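Undergrad: This is coords03.csv (CSV, C-alpha atoms and all ligand atoms).
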```csv
chain,number,residue,atom,x,y,z
A,177,MET,CA,-22.8,103.5,39.0
A,178,THR,CA,-21.6,100.0,38.0
A,179,ALA,CA,-23.9,97.4,36.7
A,180,HIS,CA,-24.0,95.8,40.1
A,181,ASP,CA,-25.0,99.0,41.9
A,182,THR,CA,-28.6,98.8,41.1
A,183,PRO,CA,-30.9,99.8,43.9
A,184,ALA,CA,-32.5,97.1,46.0
A,185,ASN,CA,-35.9,95.9,44.8
A,186,PRO,CA,-38.3,96.5,47.7
A,187,PHE,CA,-40.6,93.7,46.5
A,188,LEU,CA,-38.0,91.0,46.7
A,189,PRO,CA,-37.3,88.9,49.8
A,190,ARG,CA,-34.6,90.3,52.1
A,191,ARG,CA,-31.6,88.2,53.1
A,192,PRO,CA,-32.1,86.5,56.4
A,193,SER,CA,-30.5,88.5,59.2
A,194,GLU,CA,-31.0,85.8,61.9
A,195,ALA,CA,-28.3,83.3,62.4
A,196,VAL,CA,-28.4,80.2,60.1
A,197,ASP,CA,-29.2,77.1,62.1
A,198,PRO,CA,-26.5,74.4,62.6
A,199,ARG,CA,-28.3,71.8,60.4
A,200,THR,CA,-28.3,74.3,57.5
A,201,LEU,CA,-24.6,75.1,58.2
A,202,ALA,CA,-23.9,71.4,58.0
A,203,ARG,CA,-25.6,71.3,54.6
A,204,PHE,CA,-23.8,74.4,53.3
A,205,PRO,CA,-20.5,74.4,55.1
A,206,PHE,CA,-18.9,76.8,52.6
A,207,LEU,CA,-21.0,79.6,54.0
A,208,LYS,CA,-19.2,82.3,56.0
A,209,GLU,CA,-21.6,81.6,58.9
A,210,ALA,CA,-20.2,78.0,59.1
A,211,SER,CA,-16.6,79.1,59.8
A,212,ASP,CA,-17.9,81.9,62.1
A,213,HIS,CA,-19.9,79.2,64.0
A,214,VAL,CA,-16.8,77.0,64.5
A,215,LYS,CA,-14.8,80.0,65.7
A,216,ALA,CA,-17.6,81.1,68.0
A,217,GLN,CA,-17.7,77.7,69.7
A,218,GLY,CA,-14.0,78.0,70.4
A,219,ILE,CA,-13.1,75.0,68.3
A,220,ARG,CA,-9.5,75.1,66.9
A,221,LEU,CA,-8.9,73.3,63.7
A,222,GLY,CA,-5.5,72.2,65.1
A,223,ASP,CA,-7.5,70.2,67.8
A,224,VAL,CA,-9.8,68.7,65.2
A,225,LEU,CA,-6.7,67.1,63.5
A,226,THR,CA,-5.8,65.0,66.5
A,227,ALA,CA,-8.5,65.0,69.2
A,228,ARG,CA,-10.3,61.6,69.6
A,229,ALA,CA,-13.6,63.3,69.9
A,230,TRP,CA,-13.4,64.6,66.3
A,231,GLY,CA,-12.4,61.2,64.8
A,232,THR,CA,-15.8,60.9,63.0
A,233,ALA,CA,-15.3,64.4,61.5
A,234,ARG,CA,-11.9,63.4,60.2
A,235,ASP,CA,-13.3,60.2,58.7
A,236,ARG,CA,-16.1,62.2,57.0
A,237,GLY,CA,-13.5,64.7,55.7
A,238,ARG,CA,-11.5,61.9,54.2
A,239,GLU,CA,-14.7,60.5,52.7
A,240,ARG,CA,-15.5,63.8,51.0
A,241,VAL,CA,-12.1,63.7,49.3
A,242,TYR,CA,-12.1,60.1,48.2
A,243,GLN,CA,-15.6,60.5,46.8
A,244,THR,CA,-14.2,63.0,44.3
A,245,LEU,CA,-12.5,60.2,42.5
A,246,GLU,CA,-15.7,58.4,41.9
A,247,ASP,CA,-17.9,58.7,38.8
A,248,LEU,CA,-19.5,62.0,40.0
A,249,GLU,CA,-21.1,62.8,36.7
A,250,LYS,CA,-23.2,59.7,36.8
A,251,THR,CA,-23.7,59.4,40.5
A,252,PRO,CA,-23.4,62.6,42.6
A,253,PRO,CA,-22.1,62.1,46.1
A,254,PRO,CA,-24.8,60.6,48.4
A,255,ASP,CA,-26.2,62.7,51.2
A,256,VAL,CA,-25.7,61.9,54.9
A,257,PRO,CA,-28.0,62.0,57.9
A,258,LEU,CA,-27.9,65.4,59.7
A,259,SER,CA,-30.6,65.1,62.4
A,260,THR,CA,-28.5,65.0,65.5
A,261,GLU,CA,-26.2,67.7,66.8
A,262,GLN,CA,-23.3,65.2,66.6
A,263,GLU,CA,-24.1,64.5,62.9
A,264,GLN,CA,-24.3,68.2,62.2
A,265,TRP,CA,-20.9,68.9,63.8
A,266,ARG,CA,-19.3,66.0,62.0
A,267,GLU,CA,-20.5,67.5,58.7
A,268,ILE,CA,-19.5,71.1,59.5
A,269,LEU,CA,-16.0,70.1,60.6
A,270,SER,CA,-15.5,67.6,57.8
A,271,TYR,CA,-15.5,70.4,55.3
A,272,PRO,CA,-12.4,72.3,56.5
A,273,ILE,CA,-10.8,68.9,57.1
A,274,SER,CA,-11.4,67.9,53.5
A,275,ARG,CA,-10.0,71.2,52.2
A,276,MET,CA,-6.8,70.6,54.2
A,277,ILE,CA,-6.4,67.1,52.8
A,278,VAL,CA,-6.9,68.3,49.2
A,279,SER,CA,-4.4,71.1,49.8
A,280,ALA,CA,-1.9,68.6,51.3
A,281,VAL,CA,-2.2,66.4,48.2
A,282,ALA,CA,-1.5,69.5,46.0
A,283,ASP,CA,-2.8,68.2,42.8
A,284,SER,CA,-4.7,70.5,40.4
A,285,TYR,CA,-6.9,67.7,39.1
A,286,LEU,CA,-7.9,66.7,42.6
A,287,VAL,CA,-8.8,70.4,43.3
A,288,ARG,CA,-11.1,70.5,40.3
A,289,ARG,CA,-12.8,67.2,41.1
A,290,TYR,CA,-13.2,68.2,44.7
A,291,ALA,CA,-14.8,71.5,43.7
A,292,LEU,CA,-17.1,69.7,41.4
A,293,ALA,CA,-18.2,67.2,44.1
A,294,GLU,CA,-18.9,69.9,46.6
A,295,ALA,CA,-20.8,72.0,44.0
A,296,LEU,CA,-22.9,68.9,43.1
A,297,ARG,CA,-23.7,68.3,46.7
A,298,ALA,CA,-24.6,71.9,47.4
A,299,SER,CA,-26.8,72.1,44.3
A,300,ALA,CA,-28.8,69.0,45.3
A,301,ARG,CA,-29.3,70.4,48.8
A,302,LEU,CA,-30.1,73.9,47.5
A,303,ALA,CA,-32.9,72.4,45.4
A,304,GLN,CA,-34.7,71.6,48.7
A,305,GLU,CA,-34.4,75.1,50.1
A,306,ASP,CA,-36.8,78.0,49.8
A,307,GLY,CA,-36.1,81.1,47.6
A,308,ARG,CA,-35.2,83.2,50.6
A,309,PHE,CA,-32.3,80.9,51.5
A,310,VAL,CA,-31.2,80.5,47.9
A,311,ASN,CA,-30.9,84.3,47.7
A,312,HIS,CA,-28.8,84.2,50.8
A,313,VAL,CA,-26.4,81.7,49.3
A,314,ALA,CA,-26.3,83.6,46.0
A,315,ALA,CA,-25.3,86.8,47.8
A,316,GLN,CA,-22.4,85.0,49.4
A,317,LEU,CA,-21.3,83.8,46.0
A,318,ASP,CA,-21.2,87.4,45.0
A,319,LEU,CA,-24.1,87.1,42.6
A,320,ASP,CA,-26.7,89.8,41.9
A,321,PHE,CA,-29.5,87.2,42.1
A,322,THR,CA,-33.0,87.0,43.4
A,323,ALA,CA,-35.3,83.9,43.5
A,324,ASP,CA,-39.0,84.5,43.9
A,325,GLY,CA,-41.4,81.6,43.6
A,326,GLY,CA,-40.5,79.4,40.7
A,327,THR,CA,-38.3,81.9,38.8
A,328,ALA,CA,-35.1,83.8,39.5
A,329,ARG,CA,-33.5,87.0,38.2
A,330,LEU,CA,-29.7,87.1,37.7
A,331,HIS,CA,-27.8,90.1,36.5
A,332,PHE,CA,-26.7,89.4,32.9
A,333,LEU,CA,-23.0,89.9,33.7
A,334,ASP,CA,-23.2,87.3,36.4
A,335,PHE,CA,-25.1,85.0,34.1
A,336,LEU,CA,-22.3,85.4,31.5
A,337,ARG,CA,-19.6,84.8,34.1
A,338,CYS,CA,-21.2,81.6,35.5
A,339,THR,CA,-22.3,80.1,32.2
A,340,SER,CA,-19.2,80.7,30.1
A,341,THR,CA,-18.4,77.0,30.3
A,342,LEU,CA,-21.9,75.8,29.4
A,343,ARG,CA,-22.1,75.6,25.6
A,344,GLY,CA,-25.6,74.4,24.9
A,345,LYS,CA,-27.9,76.7,23.0
A,346,GLU,CA,-30.1,77.0,26.1
A,347,TRP,CA,-27.2,78.9,27.8
A,348,LYS,CA,-26.7,81.5,25.2
A,349,LEU,CA,-27.6,85.0,26.4
A,350,VAL,CA,-29.6,85.7,23.2
A,351,ASN,CA,-31.8,82.8,24.0
A,352,GLN,CA,-32.7,84.1,27.5
A,353,ALA,CA,-35.5,86.3,28.6
A,354,VAL,CA,-33.8,89.5,29.8
A,355,ASP,CA,-35.7,92.2,31.7
A,356,GLY,CA,-33.9,95.5,32.7
A,357,GLY,CA,-30.5,93.9,32.6
A,358,TYR,CA,-31.5,90.7,34.5
A,359,VAL,CA,-31.8,87.3,33.0
A,360,VAL,CA,-35.1,85.7,34.1
A,361,LEU,CA,-34.7,81.9,34.6
A,362,ARG,CA,-36.7,79.0,35.9
A,363,LEU,CA,-35.5,78.3,39.4
A,364,GLU,CA,-34.3,74.9,38.4
A,365,LYS,CA,-32.1,76.3,35.7
A,366,ALA,CA,-30.9,79.1,38.0
A,367,LEU,CA,-29.7,76.4,40.4
A,368,ARG,CA,-27.5,75.0,37.7
A,369,VAL,CA,-25.9,78.4,37.4
A,370,LEU,CA,-25.4,78.5,41.2
A,371,GLN,CA,-23.8,75.1,41.0
A,372,ASN,CA,-21.2,76.6,38.7
A,373,ALA,CA,-20.7,79.6,41.0
A,374,VAL,CA,-20.1,77.3,44.0
A,375,GLN,CA,-17.6,75.3,42.0
A,376,ARG,CA,-15.7,78.4,40.9
A,377,LYS,CA,-15.6,79.7,44.5
A,378,ILE,CA,-14.3,76.5,46.0
A,379,GLU,CA,-11.8,76.0,43.2
A,380,ARG,CA,-10.5,79.6,43.6
A,381,GLU,CA,-10.0,79.2,47.3
A,382,LEU,CA,-7.8,76.1,47.0
A,383,PRO,CA,-5.1,75.1,47.8
A,384,ILE,CA,-5.2,76.7,51.3
A,385,GLU,CA,-2.1,77.3,53.3
A,386,ILE,CA,-1.5,74.3,55.6
A,387,GLY,CA,1.0,73.6,58.3
A,388,ASP,CA,3.2,70.5,58.8
A,389,ASP,CA,0.6,69.2,61.3
A,390,VAL,CA,-1.9,68.6,58.5
A,391,GLY,CA,0.6,66.6,56.5
A,392,GLU,CA,1.4,64.5,59.5
A,393,ALA,CA,-2.2,63.9,60.5
A,394,PHE,CA,-3.2,62.8,57.1
A,395,ALA,CA,0.1,61.4,55.8
A,396,ASP,CA,-1.4,58.0,54.9
A,397,ASP,CA,-4.3,59.5,53.1
A,398,VAL,CA,-2.1,62.0,51.2
A,399,ARG,CA,0.1,59.0,50.0
A,400,GLU,CA,-2.9,56.9,49.1
A,401,LEU,CA,-4.7,59.7,47.2
A,402,ARG,CA,-1.5,60.5,45.2
A,403,ARG,CA,-1.2,56.8,44.4
A,404,LEU,CA,-4.9,56.7,43.3
A,405,LEU,CA,-4.4,59.8,41.2
A,406,VAL,CA,-1.4,58.4,39.4
A,407,GLU,CA,-3.3,55.1,38.8
A,408,ARG,CA,-6.3,57.0,37.5
A,409,LYS,CA,-4.3,59.2,35.1
A,410,ALA,CA,-2.3,56.1,33.9
A,411,ARG,CA,-5.6,54.2,33.3
A,412,PHE,CA,-6.9,57.0,31.1
A,413,ARG,CA,-3.7,57.1,29.1
A,414,GLN,CA,-3.7,53.3,28.6
A,415,GLU,CA,-7.4,53.2,27.6
A,416,ASP,CA,-7.4,56.2,25.4
A,417,LEU,CA,-4.1,55.7,23.7
A,418,GLY,CA,-4.8,52.1,22.8
A,419,ARG,CA,-5.0,53.1,19.1
A,420,GLY,CA,-1.3,52.4,18.8
A,421,ASP,CA,-0.1,55.3,16.7
A,422,ILE,CA,1.0,57.5,19.6
A,423,GLY,CA,4.5,56.0,19.7
A,424,GLU,CA,5.0,57.5,16.3
A,425,PHE,CA,4.0,61.0,17.4
A,426,PRO,CA,6.9,63.5,17.6
A,427,PRO,CA,8.2,64.3,21.1
A,428,CYS,CA,6.4,67.7,21.2
A,429,MET,CA,3.0,66.1,20.7
A,430,GLN,CA,3.7,63.2,23.1
A,431,LYS,CA,4.7,65.8,25.7
A,432,ILE,CA,1.6,67.9,25.3
A,433,LEU,CA,-0.7,64.9,25.4
A,434,ALA,CA,0.9,63.6,28.5
A,435,GLU,CA,0.6,67.0,30.2
A,436,ILE,CA,-3.1,67.3,29.2
A,437,GLN,CA,-3.8,63.8,30.6
A,438,ALA,CA,-2.0,64.6,33.8
A,439,HIS,CA,-4.3,67.6,34.0
A,440,GLU,CA,-1.4,70.0,34.0
A,441,ASN,CA,-1.9,73.5,32.6
A,442,VAL,CA,-1.1,73.5,28.9
A,443,ALA,CA,-0.8,76.8,27.2
A,444,HIS,CA,-3.4,77.7,24.5
A,445,MET,CA,-0.9,77.1,21.7
A,446,GLY,CA,-0.1,73.7,23.0
A,447,ARG,CA,-3.8,72.7,23.1
A,448,PHE,CA,-4.2,74.1,19.7
A,449,ALA,CA,-1.2,72.2,18.3
A,450,ILE,CA,-2.3,68.9,19.7
A,451,VAL,CA,-5.9,69.2,18.5
A,452,ALA,CA,-4.9,70.2,15.0
A,453,PHE,CA,-2.2,67.5,14.9
A,454,LEU,CA,-4.7,64.8,16.0
A,455,HIS,CA,-7.3,66.0,13.6
A,456,THR,CA,-4.8,66.0,10.7
A,457,THR,CA,-3.6,62.5,11.5
A,458,GLY,CA,-7.1,61.1,11.2
A,459,PHE,CA,-8.5,61.2,14.7
A,460,THR,CA,-12.2,62.0,15.0
A,461,ASN,CA,-13.5,64.7,17.3
A,462,GLU,CA,-14.8,62.1,19.7
A,463,GLU,CA,-11.5,60.3,19.8
A,464,ILE,CA,-9.7,63.6,20.4
A,465,PHE,CA,-12.0,64.5,23.2
A,466,LYS,CA,-11.4,61.0,24.8
A,467,LEU,CA,-7.6,61.6,24.5
A,468,PHE,CA,-8.1,64.7,26.7
A,469,GLY,CA,-8.9,62.2,29.5
A,470,ASP,CA,-11.3,62.8,32.3
A,471,VAL,CA,-12.1,66.5,31.8
A,472,PRO,CA,-13.9,68.0,34.8
A,473,ASP,CA,-17.5,69.0,34.4
A,474,PHE,CA,-16.7,72.7,34.1
A,475,ALA,CA,-14.2,72.1,31.3
A,476,VAL,CA,-16.2,69.6,29.2
A,477,ASP,CA,-18.0,72.2,27.1
A,478,VAL,CA,-14.9,74.4,26.6
A,479,THR,CA,-12.8,71.5,25.4
A,480,LYS,CA,-15.5,70.3,23.0
A,481,TYR,CA,-15.9,73.9,21.7
A,482,GLN,CA,-12.2,74.2,21.1
A,483,ILE,CA,-12.0,70.9,19.3
A,484,GLU,CA,-14.9,71.7,17.1
A,485,HIS,CA,-13.5,75.1,16.3
A,486,ILE,CA,-10.0,73.9,15.4
A,487,THR,CA,-11.2,70.9,13.4
A,488,GLY,CA,-13.5,73.1,11.3
A,489,THR,CA,-16.7,71.5,12.6
A,490,THR,CA,-18.0,74.9,13.8
A,491,SER,CA,-15.7,77.3,12.0
A,492,PRO,CA,-14.8,77.9,8.3
A,493,THR,CA,-11.2,76.8,8.8
A,494,GLU,CA,-9.7,73.4,9.4
A,495,TYR,CA,-6.4,74.2,11.1
A,496,THR,CA,-3.2,72.3,10.7
A,497,PRO,CA,-0.5,72.1,13.4
A,498,PRO,CA,2.2,74.8,13.6
A,499,GLU,CA,5.6,74.1,12.0
A,500,CYS,CA,8.6,73.4,14.2
A,501,SER,CA,10.0,76.9,14.0
A,502,THR,CA,6.6,78.2,15.5
A,503,MET,CA,6.6,75.4,18.1
A,504,LYS,CA,10.1,76.5,19.1
A,505,SER,CA,9.2,80.2,19.3
A,506,TYR,CA,6.3,79.3,21.6
A,507,GLY,CA,8.6,77.2,23.8
A,508,ILE,CA,6.6,74.0,23.2
A,509,CYS,CA,9.2,72.1,21.3
A,510,PRO,CA,11.0,70.0,24.0
A,511,GLY,CA,14.2,69.9,21.9
A,512,GLY,CA,13.3,66.8,20.0
A,513,ASP,CA,15.2,63.6,19.3
A,514,SER,CA,17.7,62.6,16.7
A,515,LEU,CA,15.0,62.6,13.9
A,516,CYS,CA,14.0,66.1,14.9
A,517,HIS,CA,17.6,67.2,14.3
A,518,GLN,CA,17.7,66.2,10.7
A,519,PRO,CA,18.1,69.3,8.5
A,520,TRP,CA,14.8,68.5,6.6
A,521,MET,CA,12.7,68.2,9.7
A,522,THR,CA,10.6,71.3,9.7
A,523,HIS,CA,7.1,70.1,10.8
A,524,PRO,CA,5.7,67.7,13.4
A,525,LEU,CA,3.6,66.1,10.6
A,526,LYS,CA,6.8,65.3,8.6
A,527,TYR,CA,8.1,63.5,11.7
A,528,TYR,CA,4.9,61.5,12.0
A,529,ARG,CA,4.7,60.6,8.3
A,530,TYR,CA,8.4,59.5,8.3
A,531,LYS,CA,7.8,57.3,11.3
A,532,ARG,CA,4.7,55.9,9.9
A,533,ARG,CA,6.4,54.9,6.6
A,534,ARG,CA,9.1,53.1,8.6
A,535,ALA,CA,6.9,51.5,11.2
A,536,PRO,CA,6.5,47.7,10.9
A,537,ARG,CA,3.3,46.7,9.1
A,538,ARG,CA,0.6,46.0,11.6
A,539,PRO,CA,-1.5,42.9,11.1
A,540,PRO,CA,-4.9,43.7,9.4
A,541,PRO,CA,-7.9,44.0,11.8
A,542,PRO,CA,-9.7,40.7,12.3
A,543,THR,CA,-12.5,40.1,9.8
A,544,ALA,CA,-15.5,37.8,9.8
A,545,ALA,CA,-14.6,34.2,9.2
A,546,PRO,CA,-15.1,33.1,5.5
A,547,PRO,CA,-18.2,31.0,4.9
A,548,ALA,CA,-17.6,27.3,5.2
A,549,PRO,CA,-17.0,25.6,1.9
A,550,GLY,CA,-19.9,23.6,0.4
B,601,LIG,S1,11.6,69.6,16.3
B,601,LIG,FE1,9.5,69.7,15.5
B,601,LIG,S2,8.7,67.7,15.5
B,601,LIG,FE2,10.6,67.7,16.8
B,601,LIG,S3,9.8,68.0,18.9
B,601,LIG,FE3,10.3,70.0,18.1
B,601,LIG,S4,8.5,70.8,17.2
B,601,LIG,FE4,8.2,68.6,17.5
```
Give the structure from the file, written as structure tokens.
Ligand code: SF4
TA:
Amino acid sequence: MTAHDTPANPFLPRRPSEAVDPRTLARFPFLKEASDHVKAQGIRLGDVLTARAWGTARDRGRERVYQTLEDLEKTPPPDVPLSTEQEQWREILSYPISRMIVSAVADSYLVRRYALAEALRASARLAQEDGRFVNHVAAQLDLDFTADGGTARLHFLDFLRCTSTLRGKEWKLVNQAVDGGYVVLRLEKALRVLQNAVQRKIERELPIEIGDDVGEAFADDVRELRRLLVERKARFRQEDLGRGDIGEFPPCMQKILAEIQAHENVAHMGRFAIVAFLHTTGFTNEEIFKLFGDVPDFAVDVTKYQIEHITGTTSPTEYTPPECSTMKSYGICPGGDSLCHQPWMTHPLKYYRYKRRRAPRRPPPPTAAPPAPG
């Protein structure tokens, strides 16, 4: 018997067996019943891409995607009216449309932002539902979870899986009430766990396979979204690299930094090297975190944790960056420039110090005006 094969608790509410009503499907379009409902009505997504009748669904689908580039952490996406049948259909269909647009843009940063936006929306809506329905959603997220009144029980393995990116003390397993292998949580706290589960699910599912018809139907949006993404990433780079020393960084560190800020996958050794390098060259933990750019919600805590560990804030060791030979063996030396090819060049820090010594002297920072004579 696995940890998840525990027998059903007869005292807990059963999942609803009746069909979920269309308004609820509109509020939670990632549920299986929502796509079943669309199929059962004979609606083909190919028609939704072009038919005039579905124009408002396409607009709402676009809106879902553009909203992901807003400041979600401060202002979660606003809700929309869902009282009429037309409003409900618009919302139900806008979800697959938005997924198609995100898939057509094919940008991993957009995928993460989109998953976060959808998870925030779902979490706000879920807070207005009763425990029975919350249980239903949790089951579709593959969680061993039961809400009952103001508390919820979540299998500890699911708890660990869904909170691995939440670093506050309040999320550590040792600080939870555990009963028979289940973590007992206030419902409000359990909903935060569910938000992470929704985000993981949506992120895992994307990108979906799309045909040429999707690219054609949303060609202007795909172009505009790519432009906005480039602009957004460039803005971070400009704001965060304003310190002015980056031009003296060795090619390897410049490359890693650019990849992180473009939200590309950087191997663990690359992340380690850049954090250790920045720390050794005098950047504070806060500054290093900022240089990582707009880290999505799920990755904020992991990034902070890694920075604090590597810089010795939460570990007994203050690490220094690897030497060139190690960087080369891990494939994270891009080959280097003429300075890198000097026989004495054995370490990225040597490169930086050499460049610093030869850099033109910068004017001193402005100081307060001297007091007027007399
Ligand atoms: S030779 Fe060394 S300093 Fe130059 S890019 Fe490679 S790892 Fe970096």
Undergrad: Using all atoms listed in the file, determine which residues fall within 10 Å of ligand LIG 601 (chain B), then list them as a VMD selection string.
TA: chain A and resid 425 to 431 449 497 to 518 521 to 528
Undergrad: One decimal, Å: what's the distance from atom CA of A:Ile386 over to atom CA of A:Ser279, could you say?
TA: 7.2 Å
Undergrad: Pick from A:Ser211, A:Gln316, A:Thr327, A:Ser340: nearest to A:Arg362, with all atoms listed in the file counted?
TA: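 Ranked by minimum distance to A:Arg362, first place goes to A:Thr327.
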Undergrad: Given the choices A:Ile277, A:Leu245, A:Ala233, A:Glu263, which gets closest to A:Ile384 if the distance is worked out from only C-alpha atoms?
TA: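 Using only C-alpha atoms, A:Ile384 sits closest to A:Ile277.
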Undergrad: Grab the atom CA of A:Tyr271 to atom CA of A:Thr200 distance for me, in Å with one decimal place.
TA: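 Between atom CA of A:Tyr271 and atom CA of A:Thr200 the gap is 13.6 Å.
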Undergrad: I need the residue nearest A:Ile422 from this list: A:Ile450, A:Leu225, A:Ala291, A:Val196. Use only C-alpha atoms for the distance.
TA: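 Closest to A:Ile422 of all the choices is A:Ile450.
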Undergrad: Quote the spacing between atom CA of A:Ser299 and atom CA of A:Leu319 in Å to one decimal place.
TA: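 Atom CA of A:Leu319 lies 15.3 Å from atom CA of A:Ser299.
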Undergrad: Please provide as a VMD selection string all residues within 9 Å of A:Leu248, with the sequence filter that same-chain residues fewer than 4 positions apart are discarded (counting all atoms listed in the file).
TA: chain A and resid 243 to 244 252 to 253 289 292 to 293 296
Undergrad: Taking all atoms listed in the file into account, name the residue in A:Leu317, A:Ala300, A:Val359, A:Val241 that is nearest to A:Met276.
TA: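 Counting all atoms listed in the file, the residue closest to A:Met276 is A:Val241.
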Undergrad: Can you fill out stretch 418-437 of chain A with N, CA and C atoms and hand it back as a compact mmCIF listing (two decimals), keeping the file's coordinate frame?
TA:
```txt
# COMPACT_ATOMS: atom_id res chain seq x y z
N GLY A 418 -4.93 53.46 23.26
CA GLY A 418 -4.80 52.10 22.80
C GLY A 418 -4.79 52.02 21.25
N ARG A 419 -5.01 53.09 20.55
CA ARG A 419 -5.00 53.10 19.10
C ARG A 419 -3.66 52.71 18.49
N GLY A 420 -2.59 52.97 19.23
CA GLY A 420 -1.30 52.40 18.80
C GLY A 420 -0.44 53.31 17.98
N ASP A 421 -0.91 54.46 17.55
CA ASP A 421 -0.10 55.30 16.70
C ASP A 421 0.70 56.33 17.51
N ILE A 422 0.41 56.42 18.76
CA ILE A 422 1.00 57.50 19.60
C ILE A 422 2.51 57.38 19.65
N GLY A 423 3.03 56.17 19.61
CA GLY A 423 4.50 56.00 19.70
C GLY A 423 5.18 56.61 18.50
N GLU A 424 4.43 56.88 17.45
CA GLU A 424 5.00 57.50 16.30
C GLU A 424 4.85 59.01 16.27
N PHE A 425 4.22 59.52 17.28
CA PHE A 425 4.00 61.00 17.40
C PHE A 425 5.40 61.62 17.68
N PRO A 426 5.62 62.85 17.22
CA PRO A 426 6.90 63.50 17.60
C PRO A 426 6.90 63.87 19.07
N PRO A 427 8.10 64.07 19.62
CA PRO A 427 8.20 64.30 21.10
C PRO A 427 7.35 65.47 21.56
N CYS A 428 7.19 66.52 20.73
CA CYS A 428 6.40 67.70 21.20
C CYS A 428 4.95 67.26 21.45
N MET A 429 4.37 66.48 20.52
CA MET A 429 3.00 66.10 20.70
C MET A 429 2.79 65.09 21.82
N GLN A 430 3.76 64.20 21.97
CA GLN A 430 3.70 63.20 23.10
C GLN A 430 3.71 63.98 24.41
N LYS A 431 4.54 65.00 24.45
CA LYS A 431 4.70 65.80 25.70
C LYS A 431 3.38 66.50 26.03
N ILE A 432 2.82 67.17 25.03
CA ILE A 432 1.60 67.90 25.30
C ILE A 432 0.46 67.00 25.72
N LEU A 433 0.37 65.87 25.03
CA LEU A 433 -0.70 64.90 25.40
C LEU A 433 -0.54 64.40 26.80
N ALA A 434 0.70 64.09 27.16
CA ALA A 434 0.90 63.60 28.50
C ALA A 434 0.58 64.66 29.54
N GLU A 435 0.87 65.91 29.25
CA GLU A 435 0.60 67.00 30.20
C GLU A 435 -0.96 67.17 30.32
N ILE A 436 -1.66 67.11 29.20
CA ILE A 436 -3.10 67.30 29.20
C ILE A 436 -3.72 66.13 30.09
N GLN A 437 -3.23 64.93 29.85
CA GLN A 437 -3.80 63.80 30.60
C GLN A 437 -3.41 63.78 32.04
```
